[in-house]
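Student: Can you keep this structure in mind? I'll have questions shortly.
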Amino acid sequence: MFSWLSGPDASQKDAMVFETVADGLRSLYIKRLQPLEDYYHFHHFHSPALEQADFENKPMVLLIGQYSTGKTTFIRYLLEQDFPGMRIGPEPTTDSFIAVMHGEEEGIIPGNALVVDPKKPFRKLNSFGNAFLNRFMCAQLPNQVLQSITVIDTPGILSGEKQRMSRGYDFCEVLRWFAERVDRIILLFDAHKLDISDEFSEAIKALKGQDDKIRVVLNKADQVDTQQLMRVYGALMWSLGKVIDTPEVVRVYIGSFWSKPLQITENRKLFEMETEDLFKDIKSLPRNAALRKLNDLIKRARLAKVHAYIISHLKKEMPAMFGKDAKKKEMISRLPEIYVSLQQEHNISAGDFPNVHKMQGMLQSYDFNKFHSLRPKLLEAVDEMLANHIAQLMNLIRHEEASKPAQAVMGGAFDGNVNGPFNEGYGEGAEAGIDDSEWIVAREKSKYDEIFYMLSPINGKVNGNNAKKEMLKSKLPNIVLGKIWKLADNDHDGMLDDEEFALACHLISIKLQGYDLPLELPEHLIPPSQKKN
């Protein structure tokens, strides 16, 4: 059990006792943040109130993309098995939101039943109505990958106004709801279809504020050659730059994410490295889940504070008797100016304010007389949370991470290259020769021996000064050469014999080829004369 006081002189009634990080987050939200949200109608304007399941749910991965970009196939690739409700084809097949979750038995839970389950983090989706709930389901199955994460499949996006109108629910608002709660958002693109339709552009813009969660996958890249792939990648980055409004370059993973043979194999090595990087990112989600929930709570608190300032300002400016409607219209039209005024008055960053056009539209239907004036105590409670309790909760997160075994996604495609010859880097660089019966350095030793004997060895060894002159010819930095010296001088006598010198030359060659040096000398690289029988 962990506890702390809100201040060094705090009374016992202010003590906050948390068993777990999830318990701490939920307690802070209910006691500190939710009263502010309730008082200023935050849930009607921005996001529904959080529930217990929101703090305890597994990390979620949201997949978004135009039709036939491989979203459902990507999920099957990760799980290495079919899931209930799965449909794959070149036409728009997935017409529903599907939450793929772990369950002891395979089955489908319809949307209307799903949103009344208090153990699932989807209860607030009932506000989108039956049109959406009829297109929402949960696919449960016993799969090791799903013990650590939940994957959300989404309908394929088409272009055209008709398709947008026929959904019957606000597709972008549903995406925004999921984006606020998931841990990772993956945008999938087909190497042959890079055009970003109007609805896809709107969908990406709905993710604003969640930029740190977004990753991009350029799928089916094995169907183009290297020259075409370079052009495709450049075109994709150009298209993304127009819809993702951030100064940072979004991370793009290139590959072919299914289990079929590669059509064009010339970029196989690149695809393997990109897949490994993407898997590392996804595997880290359980370990970082608590930190992500904490970060989202902080963002929510900042928005709730700004919202309170906006609503209380509108209330303060309303006349007591006459001209209320005219004043309301005037303030709505002047909302951008009000934003600037509040930024200056309360020293708030412009990035913390909600979208002004959306806010103007929502304010039209509200009676400003029912808004509340500013209550400093509610804001002080949130400030206290941000200033003290959040920092202390960080310590609890670190303690939980240290006391628990490392969490990572296991099973499915994530186990395909954990061990054995298909592990990343197996048989390459310093790992080359790991399965050979002979010392791999011996293959080039005659060449290295010629250099060795030109360095005038004494008693079969060259000193550091002479070896340094030769090693500097590689033009590697001194820090790298120093590490190579430590690895090669296996007997730690400050000199190199012919085998150790050959080993140093071998390690230099490895580094010049772009591979990393090992932290310790692997067993298969130890000079034969120094191996213990």
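Labeling convention for the structure tokens: chains A, B, ... as they appear, residues from 1 per chain, ligands from 1 in order of appearance.
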Name all residues at most 12 Å from Ile348 (chain A) (count only C-alpha atoms; drop same-chain ones fewer than 6 positions away) and give them as a ChimeraX atom specification.
Tutor: /A:302-303,305-307,309-310,339-342
Student: Set the distance at 10 Å and use only C-alpha atoms: which residues neighbour region 118-131 of chain A once local chain neighbours fewer than 5 positions away are removed? I'd like the list as a list of chain:residue names.
Tutor: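 Near neighbours after the sequence-gap exclusion: A:Ser47, A:Pro48, A:Ala49, A:Leu50, A:Glu51, A:Gln52, A:Ala53, A:Asp54, A:Phe55, A:Glu56, A:Asn57, A:Lys58, A:Ala99, A:Gly111, A:Asn112, A:Ala113, A:Phe136, A:Cys138, A:Arg167, A:Gly168, A:Tyr169, A:Asp170, A:Phe171, A:Glu173, A:Val174, A:Trp177, A:Phe178, A:Arg181.
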Student: Let's see if you can do this: from backbone DSSP, list all alpha helix (DSSP H) residues in region 82-195 of chain A, as an MDAnalysis selection string.
Tutor: chainID A and resid 111:114 129:133 161:165 171:181
Student: Now that the selection is made, can you save its residues with N, CA and C atoms as an mmCIF file, in the first residue's frame?
Tutor:
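File part-v1.cif, as written:
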data_model
loop_
_atom_site.group_PDB
_atom_site.id
_atom_site.type_symbol
_atom_site.label_atom_id
_atom_site.label_comp_id
_atom_site.auth_asym_id
_atom_site.auth_seq_id
_atom_site.Cartn_x
_atom_site.Cartn_y
_atom_site.Cartn_z
ATOM 1 N N GLY A 111 -23.110 -4.906 -30.091
ATOM 2 C CA GLY A 111 -22.835 -3.601 -29.524
ATOM 3 C C GLY A 111 -23.756 -3.209 -28.392
ATOM 4 N N ASN A 112 -25.073 -3.472 -28.537
ATOM 5 C CA ASN A 112 -26.013 -3.073 -27.496
ATOM 6 C C ASN A 112 -25.759 -3.795 -26.180
ATOM 7 N N ALA A 113 -25.307 -5.033 -26.256
ATOM 8 C CA ALA A 113 -24.966 -5.774 -25.037
ATOM 9 C C ALA A 113 -23.611 -5.326 -24.500
ATOM 10 N N LEU A 114 -22.737 -4.940 -25.396
ATOM 11 C CA LEU A 114 -21.371 -4.566 -25.012
ATOM 12 C C LEU A 114 -21.347 -3.291 -24.182
ATOM 13 N N GLY A 129 -25.976 6.071 -30.272
ATOM 14 C CA GLY A 129 -27.247 5.555 -30.748
ATOM 15 C C GLY A 129 -27.182 4.208 -31.425
ATOM 16 N N ASN A 130 -28.353 3.714 -31.782
ATOM 17 C CA ASN A 130 -28.473 2.372 -32.362
ATOM 18 C C ASN A 130 -27.804 2.243 -33.722
ATOM 19 N N ALA A 131 -27.802 3.339 -34.488
ATOM 20 C CA ALA A 131 -27.172 3.269 -35.815
ATOM 21 C C ALA A 131 -25.712 2.850 -35.680
ATOM 22 N N PHE A 132 -25.040 3.354 -34.635
ATOM 23 C CA PHE A 132 -23.659 2.940 -34.399
ATOM 24 C C PHE A 132 -23.587 1.581 -33.717
ATOM 25 N N LEU A 133 -24.395 1.364 -32.688
ATOM 26 C CA LEU A 133 -24.314 0.121 -31.916
ATOM 27 C C LEU A 133 -24.612 -1.098 -32.771
ATOM 28 N N GLU A 161 -19.601 11.906 -50.595
ATOM 29 C CA GLU A 161 -20.575 12.379 -49.619
ATOM 30 C C GLU A 161 -21.614 11.316 -49.295
ATOM 31 N N LYS A 162 -21.993 10.507 -50.286
ATOM 32 C CA LYS A 162 -23.041 9.510 -50.080
ATOM 33 C C LYS A 162 -22.632 8.513 -49.013
ATOM 34 N N GLN A 163 -21.368 8.075 -49.097
ATOM 35 C CA GLN A 163 -20.905 7.098 -48.119
ATOM 36 C C GLN A 163 -20.895 7.692 -46.726
ATOM 37 N N ARG A 164 -20.577 8.961 -46.609
ATOM 38 C CA ARG A 164 -20.542 9.617 -45.323
ATOM 39 C C ARG A 164 -21.961 9.748 -44.754
ATOM 40 N N MET A 165 -22.899 10.075 -45.616
ATOM 41 C CA MET A 165 -24.263 10.288 -45.158
ATOM 42 C C MET A 165 -24.929 8.973 -44.768
ATOM 43 N N PHE A 171 -19.104 9.290 -37.801
ATOM 44 C CA PHE A 171 -17.932 8.407 -37.856
ATOM 45 C C PHE A 171 -16.711 9.058 -37.209
ATOM 46 N N CYS A 172 -16.479 10.331 -37.502
ATOM 47 C CA CYS A 172 -15.296 11.011 -36.976
ATOM 48 C C CYS A 172 -15.378 11.191 -35.465
ATOM 49 N N GLU A 173 -16.585 11.421 -34.942
ATOM 50 C CA GLU A 173 -16.733 11.563 -33.497
ATOM 51 C C GLU A 173 -16.472 10.237 -32.788
ATOM 52 N N VAL A 174 -16.882 9.138 -33.414
ATOM 53 C CA VAL A 174 -16.582 7.811 -32.842
ATOM 54 C C VAL A 174 -15.074 7.583 -32.823
ATOM 55 N N LEU A 175 -14.405 7.934 -33.915
ATOM 56 C CA LEU A 175 -12.949 7.797 -33.950
ATOM 57 C C LEU A 175 -12.299 8.658 -32.874
ATOM 58 N N ARG A 176 -12.815 9.883 -32.698
ATOM 59 C CA ARG A 176 -12.251 10.766 -31.679
ATOM 60 C C ARG A 176 -12.418 10.150 -30.286
ATOM 61 N N TRP A 177 -13.572 9.517 -30.049
ATOM 62 C CA TRP A 177 -13.825 8.875 -28.755
ATOM 63 C C TRP A 177 -12.800 7.770 -28.504
ATOM 64 N N PHE A 178 -12.586 6.928 -29.513
ATOM 65 C CA PHE A 178 -11.607 5.848 -29.360
ATOM 66 C C PHE A 178 -10.190 6.414 -29.220
ATOM 67 N N ALA A 179 -9.874 7.436 -30.022
ATOM 68 C CA ALA A 179 -8.511 7.983 -30.018
ATOM 69 C C ALA A 179 -8.122 8.509 -28.640
ATOM 70 N N GLU A 180 -9.076 9.049 -27.904
ATOM 71 C CA GLU A 180 -8.786 9.568 -26.569
ATOM 72 C C GLU A 180 -8.457 8.467 -25.576
ATOM 73 N N ARG A 181 -8.866 7.242 -25.882
ATOM 74 C CA ARG A 181 -8.747 6.149 -24.915
ATOM 75 C C ARG A 181 -7.752 5.068 -25.289
#
Student: Can you tell me which residues surround Leu507 (chain A) at a distance of at most 8 Å, considering only C-alpha atoms, apart from same-chain residues fewer than 3 positions away, and format the answer as a ChimeraX atom specification?
Tutor: /A:430,484,503-504,510-511,517
Student: Using only C-alpha atoms, which protein or nucleic acid residues come within 7 Å of region 361-368 of chain A? Drop anything in the same chain fewer than 4 positions from it, and give the result as number ranges by chain.
Tutor: A: 314-315, 357
Student: Near His102 (chain A), counting only C-alpha atoms, which residues have an atom at most 12 Å away, once you skip same-chain residues fewer than 5 positions from it, shown as a ChimeraX atom specification?
Tutor: /A:57-58,60,79,83-84,107-108,120,138-151
Student: Return the single residue from A:Asp95, A:Glu520, A:Asp498, A:Glu431 that is closest to Ser446 (chain A), with distances computed using only C-alpha atoms.
Tutor: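 Using only C-alpha atoms, the shortest distance to Ser446 (chain A) belongs to A:Asp498.
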Student: Can you work out the spacing between CA of Ile440 (chain A) and CA of Glu276 (chain A) in Å, to one decimal?
Tutor: 26.9 Å
Student: When you draw a straight line from CA of Val250 (chain A) to CA of Lys71 (chain A), how long is it in Å?
Tutor: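 Pair CA of Val250 (chain A) / CA of Lys71 (chain A) returns 19.1 Å.
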Student: Can you tell me, as a CSV table (one decimal) with C-alpha atoms, in the first residue's frame, what residues are no more than 10 Å from Met394 (chain A) when counting only C-alpha atoms, ignoring any on the same chain fewer than 4 positions away?
Tutor:
chain,number,residue,atom,x,y,z
A,21,VAL,CA,-1.7,3.0,-10.1
A,290,ALA,CA,-0.1,3.3,-16.8
A,291,LEU,CA,2.1,6.2,-17.9
A,294,LEU,CA,-1.6,9.3,-16.5
A,389,HIS,CA,-0.4,14.1,-6.6
A,390,ILE,CA,0.5,13.5,-10.2
A,398,ARG,CA,8.1,3.4,-11.2
A,399,HIS,CA,7.7,1.3,-8.1
A,400,GLU,CA,5.2,-1.0,-9.8
Student: Taking only residues of region 42-137 of chain A that have an atom at most 10 Å from an atom of region 209-226 of chain A, what is each one's shortest atom pair and its distance in Å to one decimal, using only C-alpha atoms, in chain and number order, as a tab-separated table?
Tutor:
residue	atom	partner	partner_atom	distance
A:Val61	CA	A:Lys213	CA	9.5
A:Leu62	CA	A:Ile214	CA	9.4
A:Leu63	CA	A:Arg215	CA	9.8
A:Ile64	CA	A:Val216	CA	9.7
A:Gly65	CA	A:Val217	CA	9.7
A:Thr69	CA	A:Asn219	CA	6.9
A:Gly70	CA	A:Asn219	CA	7.2
A:Lys71	CA	A:Asn219	CA	9.4
A:Phe74	CA	A:Asn219	CA	9.1
Student: Convert the current residue selection to file output with all heavy atoms, as a PDB file, in the first residue's frame.
Tutor:
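Dumped to out.pdb:
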ATOM      1  N   VAL A  61      -5.158  -0.865 -29.309  1.00  0.00           N
ATOM      2  CA  VAL A  61      -4.560  -0.427 -30.572  1.00  0.00           C
ATOM      3  C   VAL A  61      -5.691  -0.203 -31.566  1.00  0.00           C
ATOM      4  O   VAL A  61      -6.479  -1.103 -31.831  1.00  0.00           O
ATOM      5  CB  VAL A  61      -3.574  -1.475 -31.123  1.00  0.00           C
ATOM      6  CG1 VAL A  61      -2.997  -1.000 -32.461  1.00  0.00           C
ATOM      7  CG2 VAL A  61      -2.459  -1.748 -30.127  1.00  0.00           C
ATOM      8  N   LEU A  62      -5.786   1.013 -32.112  1.00  0.00           N
ATOM      9  CA  LEU A  62      -6.835   1.379 -33.058  1.00  0.00           C
ATOM     10  C   LEU A  62      -6.266   1.393 -34.473  1.00  0.00           C
ATOM     11  O   LEU A  62      -5.269   2.069 -34.745  1.00  0.00           O
ATOM     12  CB  LEU A  62      -7.386   2.757 -32.699  1.00  0.00           C
ATOM     13  CG  LEU A  62      -8.456   3.360 -33.617  1.00  0.00           C
ATOM     14  CD1 LEU A  62      -9.745   2.547 -33.540  1.00  0.00           C
ATOM     15  CD2 LEU A  62      -8.734   4.821 -33.241  1.00  0.00           C
ATOM     16  N   LEU A  63      -6.889   0.636 -35.366  1.00  0.00           N
ATOM     17  CA  LEU A  63      -6.460   0.577 -36.763  1.00  0.00           C
ATOM     18  C   LEU A  63      -7.415   1.382 -37.626  1.00  0.00           C
ATOM     19  O   LEU A  63      -8.637   1.190 -37.569  1.00  0.00           O
ATOM     20  CB  LEU A  63      -6.422  -0.874 -37.263  1.00  0.00           C
ATOM     21  CG  LEU A  63      -5.476  -1.832 -36.545  1.00  0.00           C
ATOM     22  CD1 LEU A  63      -5.542  -3.210 -37.184  1.00  0.00           C
ATOM     23  CD2 LEU A  63      -4.058  -1.322 -36.580  1.00  0.00           C
ATOM     24  N   ILE A  64      -6.873   2.295 -38.438  1.00  0.00           N
ATOM     25  CA  ILE A  64      -7.680   3.153 -39.310  1.00  0.00           C
ATOM     26  C   ILE A  64      -7.069   3.124 -40.708  1.00  0.00           C
ATOM     27  O   ILE A  64      -5.841   3.166 -40.859  1.00  0.00           O
ATOM     28  CB  ILE A  64      -7.715   4.606 -38.791  1.00  0.00           C
ATOM     29  CG1 ILE A  64      -8.228   4.661 -37.354  1.00  0.00           C
ATOM     30  CG2 ILE A  64      -8.579   5.480 -39.690  1.00  0.00           C
ATOM     31  CD1 ILE A  64      -8.147   6.047 -36.735  1.00  0.00           C
ATOM     32  N   GLY A  65      -7.899   3.072 -41.707  1.00  0.00           N
ATOM     33  CA  GLY A  65      -7.389   3.104 -43.071  1.00  0.00           C
ATOM     34  C   GLY A  65      -8.514   3.012 -44.081  1.00  0.00           C
ATOM     35  O   GLY A  65      -9.656   2.676 -43.738  1.00  0.00           O
ATOM     36  N   THR A  69      -6.766  -1.760 -47.381  1.00  0.00           N
ATOM     37  CA  THR A  69      -5.373  -1.447 -47.055  1.00  0.00           C
ATOM     38  C   THR A  69      -4.759  -2.539 -46.183  1.00  0.00           C
ATOM     39  O   THR A  69      -3.565  -2.494 -45.892  1.00  0.00           O
ATOM     40  CB  THR A  69      -5.259  -0.102 -46.317  1.00  0.00           C
ATOM     41  OG1 THR A  69      -6.125  -0.102 -45.181  1.00  0.00           O
ATOM     42  CG2 THR A  69      -5.611   1.047 -47.241  1.00  0.00           C
ATOM     43  N   GLY A  70      -5.583  -3.501 -45.747  1.00  0.00           N
ATOM     44  CA  GLY A  70      -5.049  -4.632 -44.993  1.00  0.00           C
ATOM     45  C   GLY A  70      -5.217  -4.529 -43.495  1.00  0.00           C
ATOM     46  O   GLY A  70      -4.449  -5.132 -42.749  1.00  0.00           O
ATOM     47  N   LYS A  71      -6.241  -3.793 -43.020  1.00  0.00           N
ATOM     48  CA  LYS A  71      -6.430  -3.638 -41.569  1.00  0.00           C
ATOM     49  C   LYS A  71      -6.776  -4.969 -40.911  1.00  0.00           C
ATOM     50  O   LYS A  71      -6.142  -5.376 -39.935  1.00  0.00           O
ATOM     51  CB  LYS A  71      -7.539  -2.616 -41.284  1.00  0.00           C
ATOM     52  CG  LYS A  71      -7.242  -1.209 -41.769  1.00  0.00           C
ATOM     53  CD  LYS A  71      -8.314  -0.227 -41.331  1.00  0.00           C
ATOM     54  CE  LYS A  71      -9.683  -0.592 -41.853  1.00  0.00           C
ATOM     55  NZ  LYS A  71      -9.751  -0.567 -43.336  1.00  0.00           N
ATOM     56  N   PHE A  74      -3.972  -7.388 -41.132  1.00  0.00           N
ATOM     57  CA  PHE A  74      -2.929  -7.022 -40.176  1.00  0.00           C
ATOM     58  C   PHE A  74      -3.215  -7.629 -38.802  1.00  0.00           C
ATOM     59  O   PHE A  74      -2.316  -8.159 -38.133  1.00  0.00           O
ATOM     60  CB  PHE A  74      -2.841  -5.498 -40.084  1.00  0.00           C
ATOM     61  CG  PHE A  74      -1.773  -4.987 -39.161  1.00  0.00           C
ATOM     62  CD1 PHE A  74      -0.464  -4.852 -39.590  1.00  0.00           C
ATOM     63  CD2 PHE A  74      -2.073  -4.642 -37.851  1.00  0.00           C
ATOM     64  CE1 PHE A  74       0.527  -4.380 -38.744  1.00  0.00           C
ATOM     65  CE2 PHE A  74      -1.096  -4.167 -36.991  1.00  0.00           C
ATOM     66  CZ  PHE A  74       0.212  -4.042 -37.444  1.00  0.00           C
TER      67      PHE A  74
END
Student: Report the distance between CA of Cys505 (chain A) and CA of Leu455 (chain A) in Å, rounded to one decimal place.
Tutor: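 Interatomic distance here is 13.7 Å.
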Student: Point out the residue among A:Ala391, A:Asn267, A:Pro319, A:His492 with the least atom-to-atom distance to Asn295 (chain A), counting only C-alpha atoms.
Tutor: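 Selected residue with least distance to Asn295 (chain A): A:Ala391.
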Student: A:Leu335, A:Val252, A:Leu188, A:Leu476: which is nearest Leu512 (chain A), counting only C-alpha atoms?
Tutor: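 The shortest atom-to-atom distance to Leu512 (chain A) comes from A:Leu476.
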Student: Got a sec to tell me which of region 359-510 of chain A DSSP assigns to strand (DSSP E or B), as a list in words?
Tutor: Ile458, Lys461, Val462, Asn463, Met495, Leu496 and Asp497 of chain A
Student: Restricting it to N, CA and C atoms, dump the selection as a PDB file, in the first residue's frame.
Tutor:
ATOM      1  N   ILE A 458      56.786  -8.139 -30.592  1.00  0.00           N
ATOM      2  CA  ILE A 458      57.845  -8.593 -29.686  1.00  0.00           C
ATOM      3  C   ILE A 458      57.275  -9.723 -28.838  1.00  0.00           C
ATOM      4  N   LYS A 461      53.692 -10.489 -29.707  1.00  0.00           N
ATOM      5  CA  LYS A 461      52.613  -9.558 -29.396  1.00  0.00           C
ATOM      6  C   LYS A 461      52.990  -8.147 -29.835  1.00  0.00           C
ATOM      7  N   VAL A 462      51.937  -7.351 -30.228  1.00  0.00           N
ATOM      8  CA  VAL A 462      52.159  -5.947 -30.564  1.00  0.00           C
ATOM      9  C   VAL A 462      51.621  -5.096 -29.424  1.00  0.00           C
ATOM     10  N   ASN A 463      52.337  -4.007 -29.146  1.00  0.00           N
ATOM     11  CA  ASN A 463      51.891  -3.144 -28.059  1.00  0.00           C
ATOM     12  C   ASN A 463      50.767  -2.223 -28.531  1.00  0.00           C
ATOM     13  N   MET A 495      48.278  -5.947 -24.523  1.00  0.00           N
ATOM     14  CA  MET A 495      48.886  -6.198 -25.834  1.00  0.00           C
ATOM     15  C   MET A 495      48.016  -7.179 -26.609  1.00  0.00           C
ATOM     16  N   LEU A 496      48.281  -7.274 -27.915  1.00  0.00           N
ATOM     17  CA  LEU A 496      47.517  -8.180 -28.765  1.00  0.00           C
ATOM     18  C   LEU A 496      48.438  -9.200 -29.416  1.00  0.00           C
ATOM     19  N   ASP A 497      48.085 -10.491 -29.286  1.00  0.00           N
ATOM     20  CA  ASP A 497      48.809 -11.499 -30.049  1.00  0.00           C
ATOM     21  C   ASP A 497      48.162 -11.601 -31.425  1.00  0.00           C
TER      22      ASP A 497
END
